[in-house]
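One structure is given below, encoded as structure tokens.
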Amino acid sequence: MGSADDSEPIFAPDAFAGTATYYARYRVPYPRPLVQDLVRRAGITGNGSLLDLACGPGRVALALAEHFREILAIDLEPEMVAVGKEEAVRQGIRHVRWQVGKAEELNSSPARFELVTIGEAFHRLDRKLVAEKTLLWLQPGCCVSVMGARSRASDWEPWQHIVANLTRKRIGRAVSTGGVSPLPVPGGETEEVERTLRQSGFEAVESYTFAEPYNWTVETILGNLFSLSVCSRRVLGRDADDFAEELTAALMAYDPAGQYHETVHFGYTLGRKPA
């Protein structure tokens with residue numbers, strides 16, 4: 001992770017190659033209370049436009065789709081965009097325009113969007129540039145939302161430490177469901193997110209958190225791990241199937257019923273463009 005003053009992307013452009021299907025299927029969805037709270041705080045009218053930057057397979061865009069007349073979702077990786085399109089069709093959502101490209105290079109007219117969202121990706125972008133462009137793209141008085149979920153080692157359940165020990169052995173890094181400390185929640189880099197937004201001209205910058213119980217199975221745990229840039233099938237290479245077998249055996253030995261519980265912590269940081 002870069003320092004607090006380092007706004008350059010920290011991942012290669014193809015960091016998530018091969019993960020899109022796993023990402024769409026096995027990442028924990030943003031909880032309904034968070035989505036409703038965001039819509040309320042941002043003052044969404046139901047008739048505006050949403051811009052979802054670094055959209056991945058559309059987890060944020062599709063969760064918010066019912067609240068917007070039109071949506072533009074952009075991601076650097078064609079695979080993510082392709083899977084997002086498939087997921088939109090599956091859900092019967094037809095008013096999303098998908099685009100492959102860098103958030104930093106997007107050309108859009110000023111004051112076009114009612115909300116701009118960045119889900120679990122702000123740390124991958126040139127934060128200062130993206131925040132400044134977002135301020136330009138938003139309508140006066142409208143908001144940007146930087147969203148994420150947290151999985152800190154200090155919060156892990158015993159079964160997550162089993163996962164972490166095996167990932168450490170295989171990839172040299174201890175990760176569990178959701179990875180380690182994605183953005184944004186209080187602590188970690190959320191203060192940097194808030195500072196970047198304020199320095200870029202946003203007002204009323206605040207962060208909000210939500211905790212939701214979640215039940216995992218061996219399948220969903222493995223799928224979630226394969227959705228991570230640091231633990232994808234491409235990263236594991238020839239060891240991917242052996243890793244899956246070893247992890248399955250270890251988890252079933254811990255709980256033969258195959259049910260694993262976690263409280264997942266979600267959050268978003270909201271900033272408002274001056275009216």
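Labeling convention for the structure tokens: chains A, B, ... as they appear, residues from 1 per chain, ligands from 1 in order of appearance.
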- Message: Could you list, as a list in words, every residue within 10 Å of Val146 of chain A, counting only C-alpha atoms and ignoring same-chain residues fewer than 5 positions away?
- Response: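 Residues meeting the cut-off are Leu53, Val116, Thr117, Ile118, Gly119, Glu120, Ala121, Phe122, Leu183, Pro184, Val185, Thr190, Val193, Glu194, Leu197, Ser207, Gly267, Tyr268, Thr269, Leu270 and Gly271 of chain A.
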Using DSSP on the backbone, list every residue of segment 12-227 of chain A that comes out as helix (DSSP H, G or I), and give them as a compact mmCIF listing (two decimals) with N, CA, C and O atoms, in the first residue's frame.
# COMPACT_ATOMS: atom_id res chain seq x y z
N ALA A 20 -13.29 -11.79 -12.91
CA ALA A 20 -14.55 -11.07 -13.03
C ALA A 20 -15.77 -11.92 -12.66
O ALA A 20 -16.68 -11.47 -11.96
N THR A 21 -15.80 -13.15 -13.16
CA THR A 21 -16.95 -14.01 -12.86
C THR A 21 -17.03 -14.31 -11.37
O THR A 21 -18.12 -14.28 -10.76
N TYR A 22 -15.89 -14.60 -10.76
CA TYR A 22 -15.86 -14.82 -9.31
C TYR A 22 -16.28 -13.55 -8.57
O TYR A 22 -17.01 -13.60 -7.57
N TYR A 23 -15.82 -12.42 -9.06
CA TYR A 23 -16.12 -11.13 -8.43
C TYR A 23 -17.63 -10.88 -8.41
O TYR A 23 -18.21 -10.51 -7.38
N ALA A 24 -18.27 -11.08 -9.54
CA ALA A 24 -19.71 -10.83 -9.64
C ALA A 24 -20.52 -11.79 -8.79
O ALA A 24 -21.54 -11.42 -8.20
N ARG A 25 -20.05 -13.02 -8.68
CA ARG A 25 -20.85 -14.05 -8.01
C ARG A 25 -20.57 -14.15 -6.52
O ARG A 25 -21.49 -14.44 -5.74
N TYR A 26 -19.31 -13.90 -6.10
CA TYR A 26 -18.93 -14.25 -4.73
C TYR A 26 -18.54 -13.08 -3.84
O TYR A 26 -18.32 -13.29 -2.65
N ARG A 32 -28.63 -3.76 1.82
CA ARG A 32 -29.73 -2.86 1.47
C ARG A 32 -29.78 -1.62 2.37
O ARG A 32 -30.01 -0.51 1.87
N PRO A 33 -29.57 -1.73 3.69
CA PRO A 33 -29.58 -0.53 4.52
C PRO A 33 -28.54 0.51 4.10
O PRO A 33 -28.80 1.71 4.18
N LEU A 34 -27.37 0.06 3.66
CA LEU A 34 -26.36 1.01 3.19
C LEU A 34 -26.84 1.71 1.94
O LEU A 34 -26.71 2.94 1.82
N VAL A 35 -27.36 0.96 0.98
CA VAL A 35 -27.84 1.55 -0.27
C VAL A 35 -28.95 2.57 0.01
O VAL A 35 -28.94 3.69 -0.52
N GLN A 36 -29.89 2.21 0.87
CA GLN A 36 -30.98 3.12 1.20
C GLN A 36 -30.48 4.37 1.91
O GLN A 36 -30.96 5.49 1.65
N ASP A 37 -29.50 4.20 2.79
CA ASP A 37 -28.94 5.34 3.51
C ASP A 37 -28.22 6.27 2.55
O ASP A 37 -28.36 7.51 2.65
N LEU A 38 -27.46 5.72 1.63
CA LEU A 38 -26.76 6.52 0.64
C LEU A 38 -27.74 7.31 -0.23
O LEU A 38 -27.55 8.52 -0.46
N VAL A 39 -28.77 6.66 -0.70
CA VAL A 39 -29.77 7.33 -1.53
C VAL A 39 -30.42 8.49 -0.77
O VAL A 39 -30.62 9.58 -1.31
N ARG A 40 -30.71 8.25 0.50
CA ARG A 40 -31.35 9.29 1.32
C ARG A 40 -30.41 10.46 1.58
O ARG A 40 -30.77 11.63 1.37
N ARG A 41 -29.20 10.16 2.00
CA ARG A 41 -28.25 11.24 2.33
C ARG A 41 -27.84 12.04 1.10
O ARG A 41 -27.62 13.26 1.19
N ALA A 42 -27.73 11.36 -0.03
CA ALA A 42 -27.32 12.05 -1.25
C ALA A 42 -28.47 12.80 -1.91
O ALA A 42 -28.24 13.56 -2.85
N ARG A 59 -21.13 -4.08 -9.34
CA ARG A 59 -21.76 -4.32 -8.03
C ARG A 59 -22.47 -3.07 -7.52
O ARG A 59 -23.57 -3.16 -6.97
N VAL A 60 -21.85 -1.91 -7.67
CA VAL A 60 -22.46 -0.66 -7.18
C VAL A 60 -23.52 -0.18 -8.16
O VAL A 60 -24.65 0.15 -7.78
N ALA A 61 -23.19 -0.13 -9.43
CA ALA A 61 -24.12 0.39 -10.44
C ALA A 61 -25.43 -0.38 -10.44
O ALA A 61 -26.52 0.22 -10.48
N LEU A 62 -25.35 -1.69 -10.37
CA LEU A 62 -26.57 -2.51 -10.43
C LEU A 62 -27.36 -2.42 -9.13
O LEU A 62 -28.59 -2.46 -9.14
N ALA A 63 -26.65 -2.28 -8.00
CA ALA A 63 -27.35 -2.14 -6.72
C ALA A 63 -28.14 -0.83 -6.65
O ALA A 63 -29.17 -0.75 -5.96
N ALA A 65 -29.29 0.80 -9.46
CA ALA A 65 -29.91 1.04 -10.77
C ALA A 65 -31.34 1.55 -10.67
O ALA A 65 -31.76 2.42 -11.46
N GLU A 66 -32.11 1.06 -9.73
CA GLU A 66 -33.52 1.44 -9.66
C GLU A 66 -33.71 2.91 -9.30
O GLU A 66 -34.81 3.45 -9.46
N HIS A 67 -32.66 3.56 -8.83
CA HIS A 67 -32.77 4.94 -8.36
C HIS A 67 -32.31 5.97 -9.40
O HIS A 67 -32.28 7.17 -9.09
N PRO A 78 -11.62 -5.01 -19.76
CA PRO A 78 -12.74 -5.45 -20.60
C PRO A 78 -13.50 -6.63 -20.03
O PRO A 78 -14.72 -6.74 -20.19
N GLU A 79 -12.79 -7.55 -19.36
CA GLU A 79 -13.45 -8.72 -18.78
C GLU A 79 -14.48 -8.32 -17.74
O GLU A 79 -15.58 -8.88 -17.68
N MET A 80 -14.14 -7.34 -16.92
CA MET A 80 -15.08 -6.87 -15.90
C MET A 80 -16.32 -6.27 -16.56
O MET A 80 -17.46 -6.53 -16.13
N VAL A 81 -16.11 -5.47 -17.58
CA VAL A 81 -17.24 -4.84 -18.27
C VAL A 81 -18.12 -5.89 -18.93
O VAL A 81 -19.36 -5.82 -18.85
N ALA A 82 -17.51 -6.90 -19.55
CA ALA A 82 -18.28 -7.96 -20.20
C ALA A 82 -19.14 -8.71 -19.19
O ALA A 82 -20.33 -8.98 -19.45
N VAL A 83 -18.58 -9.04 -18.03
CA VAL A 83 -19.34 -9.75 -17.01
C VAL A 83 -20.42 -8.84 -16.43
O VAL A 83 -21.53 -9.29 -16.13
N GLY A 84 -20.11 -7.55 -16.28
CA GLY A 84 -21.12 -6.61 -15.82
C GLY A 84 -22.31 -6.55 -16.76
O GLY A 84 -23.47 -6.52 -16.32
N LYS A 85 -22.05 -6.54 -18.05
CA LYS A 85 -23.14 -6.54 -19.03
C LYS A 85 -24.00 -7.79 -18.89
O LYS A 85 -25.24 -7.72 -18.93
N GLU A 86 -23.35 -8.94 -18.72
CA GLU A 86 -24.09 -10.19 -18.55
C GLU A 86 -24.95 -10.16 -17.30
O GLU A 86 -26.10 -10.62 -17.31
N GLU A 87 -24.39 -9.62 -16.22
CA GLU A 87 -25.14 -9.56 -14.96
C GLU A 87 -26.33 -8.61 -15.09
O GLU A 87 -27.41 -8.88 -14.55
N ALA A 88 -26.14 -7.51 -15.79
CA ALA A 88 -27.25 -6.57 -16.00
C ALA A 88 -28.38 -7.23 -16.78
O ALA A 88 -29.57 -7.07 -16.44
N VAL A 89 -28.04 -7.99 -17.81
CA VAL A 89 -29.05 -8.72 -18.57
C VAL A 89 -29.77 -9.72 -17.69
O VAL A 89 -31.00 -9.85 -17.72
N ARG A 90 -29.00 -10.43 -16.86
CA ARG A 90 -29.60 -11.43 -15.97
C ARG A 90 -30.60 -10.80 -15.03
O ARG A 90 -31.65 -11.38 -14.72
N GLN A 91 -30.29 -9.56 -14.55
CA GLN A 91 -31.18 -8.87 -13.63
C GLN A 91 -32.27 -8.04 -14.33
O GLN A 91 -33.09 -7.42 -13.66
N ALA A 103 -10.67 5.59 -15.45
CA ALA A 103 -11.47 6.65 -14.84
C ALA A 103 -10.81 8.01 -15.03
O ALA A 103 -11.49 9.02 -15.27
N GLU A 104 -9.48 8.02 -14.94
CA GLU A 104 -8.74 9.28 -15.04
C GLU A 104 -8.85 9.90 -16.43
O GLU A 104 -8.64 11.11 -16.59
N GLU A 105 -9.17 9.09 -17.45
CA GLU A 105 -9.20 9.58 -18.82
C GLU A 105 -10.61 9.76 -19.37
O GLU A 105 -10.79 10.09 -20.55
N PHE A 122 -10.91 3.27 -5.06
CA PHE A 122 -10.30 4.60 -4.99
C PHE A 122 -8.79 4.51 -4.80
O PHE A 122 -8.03 5.32 -5.33
N HIS A 123 -8.35 3.50 -4.04
CA HIS A 123 -6.93 3.32 -3.78
C HIS A 123 -6.17 2.87 -5.02
O HIS A 123 -4.94 2.94 -5.05
N ARG A 124 -6.88 2.42 -6.06
CA ARG A 124 -6.23 2.01 -7.31
C ARG A 124 -6.10 3.16 -8.29
O ARG A 124 -5.45 3.03 -9.32
N ARG A 127 -6.05 9.45 -7.03
CA ARG A 127 -7.16 9.95 -6.21
C ARG A 127 -7.38 11.44 -6.37
O ARG A 127 -8.53 11.90 -6.47
N LYS A 128 -6.31 12.21 -6.37
CA LYS A 128 -6.45 13.66 -6.49
C LYS A 128 -7.08 14.04 -7.82
O LYS A 128 -8.03 14.84 -7.87
N LEU A 129 -6.59 13.47 -8.91
CA LEU A 129 -7.13 13.77 -10.24
C LEU A 129 -8.59 13.35 -10.35
O LEU A 129 -9.44 14.10 -10.86
N VAL A 130 -8.90 12.14 -9.89
CA VAL A 130 -10.27 11.64 -9.99
C VAL A 130 -11.22 12.48 -9.15
O VAL A 130 -12.34 12.79 -9.57
N ALA A 131 -10.79 12.87 -7.95
CA ALA A 131 -11.65 13.71 -7.10
C ALA A 131 -11.91 15.07 -7.77
O ALA A 131 -13.05 15.57 -7.75
N GLU A 132 -10.89 15.65 -8.37
CA GLU A 132 -11.06 16.94 -9.03
C GLU A 132 -11.99 16.84 -10.24
O GLU A 132 -12.84 17.70 -10.47
N LYS A 133 -11.83 15.77 -11.03
CA LYS A 133 -12.71 15.58 -12.18
C LYS A 133 -14.14 15.28 -11.74
O LYS A 133 -15.10 15.75 -12.36
N THR A 134 -14.27 14.50 -10.67
CA THR A 134 -15.60 14.19 -10.15
C THR A 134 -16.33 15.46 -9.74
O THR A 134 -17.54 15.61 -10.00
N LEU A 135 -15.64 16.37 -9.10
CA LEU A 135 -16.25 17.64 -8.71
C LEU A 135 -16.78 18.37 -9.94
O LEU A 135 -17.87 18.97 -9.89
N LEU A 136 -16.06 18.31 -11.03
CA LEU A 136 -16.50 18.96 -12.27
C LEU A 136 -17.71 18.25 -12.86
O LEU A 136 -18.65 18.91 -13.33
N TRP A 137 -17.72 16.92 -12.83
CA TRP A 137 -18.79 16.15 -13.47
C TRP A 137 -20.11 16.22 -12.71
O TRP A 137 -21.17 16.03 -13.29
N ALA A 153 -7.67 -8.40 10.10
CA ALA A 153 -7.25 -9.61 10.80
C ALA A 153 -7.69 -9.61 12.26
O ALA A 153 -8.00 -10.66 12.83
N SER A 154 -7.73 -8.43 12.87
CA SER A 154 -8.13 -8.36 14.28
C SER A 154 -9.59 -8.73 14.49
O SER A 154 -10.00 -9.03 15.61
N ASP A 155 -10.38 -8.72 13.41
CA ASP A 155 -11.81 -9.05 13.50
C ASP A 155 -12.12 -10.47 13.06
O ASP A 155 -13.26 -10.91 13.16
N PRO A 158 -12.29 -17.66 13.93
CA PRO A 158 -11.27 -18.73 13.88
C PRO A 158 -11.13 -19.36 12.50
O PRO A 158 -10.00 -19.66 12.06
N TRP A 159 -12.23 -19.58 11.79
CA TRP A 159 -12.12 -20.21 10.48
C TRP A 159 -11.39 -19.31 9.48
O TRP A 159 -10.74 -19.80 8.55
N GLN A 160 -11.48 -17.99 9.68
CA GLN A 160 -10.76 -17.08 8.77
C GLN A 160 -9.26 -17.15 8.98
O GLN A 160 -8.48 -16.95 8.04
N HIS A 161 -8.84 -17.46 10.20
CA HIS A 161 -7.41 -17.65 10.43
C HIS A 161 -6.91 -18.92 9.75
O HIS A 161 -5.76 -18.99 9.30
N ILE A 162 -7.77 -19.92 9.66
CA ILE A 162 -7.41 -21.11 8.90
C ILE A 162 -7.17 -20.75 7.43
O ILE A 162 -6.18 -21.15 6.81
N VAL A 163 -8.09 -19.96 6.88
CA VAL A 163 -7.94 -19.50 5.50
C VAL A 163 -6.65 -18.70 5.35
O VAL A 163 -5.87 -18.89 4.41
N ALA A 164 -6.42 -17.78 6.29
CA ALA A 164 -5.25 -16.90 6.21
C ALA A 164 -3.95 -17.69 6.27
O ALA A 164 -2.98 -17.39 5.56
N ASN A 165 -3.91 -18.71 7.13
CA ASN A 165 -2.68 -19.52 7.23
C ASN A 165 -2.37 -20.25 5.93
O ASN A 165 -1.21 -20.35 5.51
N LEU A 166 -3.42 -20.73 5.26
CA LEU A 166 -3.20 -21.42 4.00
C LEU A 166 -2.83 -20.46 2.88
O LEU A 166 -2.01 -20.80 2.02
N THR A 167 -3.43 -19.28 2.85
CA THR A 167 -3.05 -18.32 1.82
C THR A 167 -1.62 -17.82 2.04
O THR A 167 -0.88 -17.61 1.07
N ARG A 168 -1.22 -17.69 3.30
CA ARG A 168 0.16 -17.28 3.58
C ARG A 168 1.14 -18.32 3.02
O ARG A 168 2.18 -17.98 2.45
N LYS A 169 0.79 -19.58 3.19
CA LYS A 169 1.65 -20.65 2.70
C LYS A 169 1.73 -20.66 1.18
O LYS A 169 2.80 -20.89 0.60
N ARG A 170 0.61 -20.37 0.53
CA ARG A 170 0.55 -20.49 -0.93
C ARG A 170 1.03 -19.23 -1.66
O ARG A 170 1.67 -19.33 -2.70
N ILE A 171 0.69 -18.05 -1.14
CA ILE A 171 1.00 -16.81 -1.88
C ILE A 171 1.89 -15.87 -1.09
O ILE A 171 2.21 -14.77 -1.55
N THR A 190 -9.39 5.67 5.47
CA THR A 190 -10.59 6.48 5.30
C THR A 190 -10.31 7.95 5.54
O THR A 190 -10.85 8.81 4.86
N GLU A 191 -9.44 8.24 6.51
CA GLU A 191 -9.08 9.63 6.75
C GLU A 191 -8.43 10.25 5.51
O GLU A 191 -8.65 11.42 5.21
N GLU A 192 -7.66 9.45 4.77
CA GLU A 192 -7.05 9.96 3.54
C GLU A 192 -8.10 10.21 2.47
O GLU A 192 -8.02 11.19 1.72
N VAL A 193 -9.11 9.33 2.38
CA VAL A 193 -10.21 9.56 1.44
C VAL A 193 -10.90 10.87 1.78
O VAL A 193 -11.15 11.71 0.90
N GLU A 194 -11.23 11.05 3.05
CA GLU A 194 -11.91 12.28 3.46
C GLU A 194 -11.06 13.51 3.16
O GLU A 194 -11.56 14.52 2.66
N ARG A 195 -9.77 13.42 3.46
CA ARG A 195 -8.88 14.55 3.23
C ARG A 195 -8.79 14.89 1.74
O ARG A 195 -8.83 16.07 1.35
N THR A 196 -8.68 13.87 0.90
CA THR A 196 -8.60 14.10 -0.54
C THR A 196 -9.86 14.79 -1.05
O THR A 196 -9.77 15.73 -1.86
N LEU A 197 -11.01 14.35 -0.58
CA LEU A 197 -12.26 14.98 -1.03
C LEU A 197 -12.35 16.42 -0.57
O LEU A 197 -12.72 17.31 -1.35
N ARG A 198 -11.99 16.67 0.67
CA ARG A 198 -12.05 18.05 1.17
C ARG A 198 -11.08 18.95 0.41
O ARG A 198 -11.43 20.09 0.04
N GLN A 199 -9.87 18.47 0.18
CA GLN A 199 -8.87 19.27 -0.52
C GLN A 199 -9.26 19.54 -1.97
O GLN A 199 -8.81 20.52 -2.56
N VAL A 218 -18.06 -23.41 1.90
CA VAL A 218 -16.73 -23.64 1.31
C VAL A 218 -16.69 -23.08 -0.10
O VAL A 218 -15.72 -22.42 -0.50
N GLU A 219 -17.75 -23.30 -0.88
CA GLU A 219 -17.79 -22.79 -2.26
C GLU A 219 -17.67 -21.28 -2.30
O GLU A 219 -16.89 -20.73 -3.10
N THR A 220 -18.44 -20.58 -1.46
CA THR A 220 -18.41 -19.12 -1.54
C THR A 220 -17.11 -18.54 -1.00
O THR A 220 -16.64 -17.50 -1.47
N ILE A 221 -16.50 -19.22 -0.03
CA ILE A 221 -15.19 -18.77 0.47
C ILE A 221 -14.15 -18.88 -0.63
O ILE A 221 -13.39 -17.94 -0.90
N LEU A 222 -14.11 -20.02 -1.30
CA LEU A 222 -13.15 -20.20 -2.39
C LEU A 222 -13.42 -19.21 -3.52
O LEU A 222 -12.48 -18.61 -4.06
N GLY A 223 -14.67 -19.05 -3.88
CA GLY A 223 -15.01 -18.11 -4.95
C GLY A 223 -14.60 -16.69 -4.60
O GLY A 223 -14.10 -15.94 -5.45
N ASN A 224 -14.80 -16.30 -3.34
CA ASN A 224 -14.40 -14.97 -2.90
C ASN A 224 -12.89 -14.80 -2.98
O ASN A 224 -12.39 -13.76 -3.44
N LEU A 225 -12.15 -15.81 -2.55
CA LEU A 225 -10.68 -15.73 -2.62
C LEU A 225 -10.21 -15.60 -4.06
O LEU A 225 -9.30 -14.82 -4.37
N PHE A 226 -10.84 -16.35 -4.97
CA PHE A 226 -10.44 -16.29 -6.38
C PHE A 226 -10.84 -14.95 -7.03
O PHE A 226 -10.37 -14.65 -8.12
- Task: Could you check which of A:Leu72, A:Val96, A:Ala15, A:Ala253 is closest to Cys231 of chain A, using only C-alpha atoms?
- Result: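 For Cys231 of chain A, the nearest of the candidates is A:Ala15.
In this model, the gap between atom CA of Asp242 of chain A and atom CA of Arg152 of chain A comes to 26.0 Å.
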- Could you give me, as a ChimeraX atom specification, the residues within 8 Å of Gly18 of chain A, counting only C-alpha atoms and dropping anything in the same chain fewer than 5 positions from it? /A:79,232-234
- Task: For atom CA of Asn47 of chain A and atom CA of Gln99 of chain A, quote the distance in Å rounded to one decimal.
- Result: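 Value for the atom CA of Asn47 of chain A-atom CA of Gln99 of chain A distance: 21.4 Å.
Of the listed residues (A:Phe243, A:Phe68, A:Tyr208, A:Tyr30), A:Phe68 comes nearest to Leu115 of chain A; the distances count only C-alpha atoms.
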- Pairwise distance for atom CA of Asp75 of chain A and atom CA of Gly92 of chain A, rounded to one decimal in Å: 20.8 Å
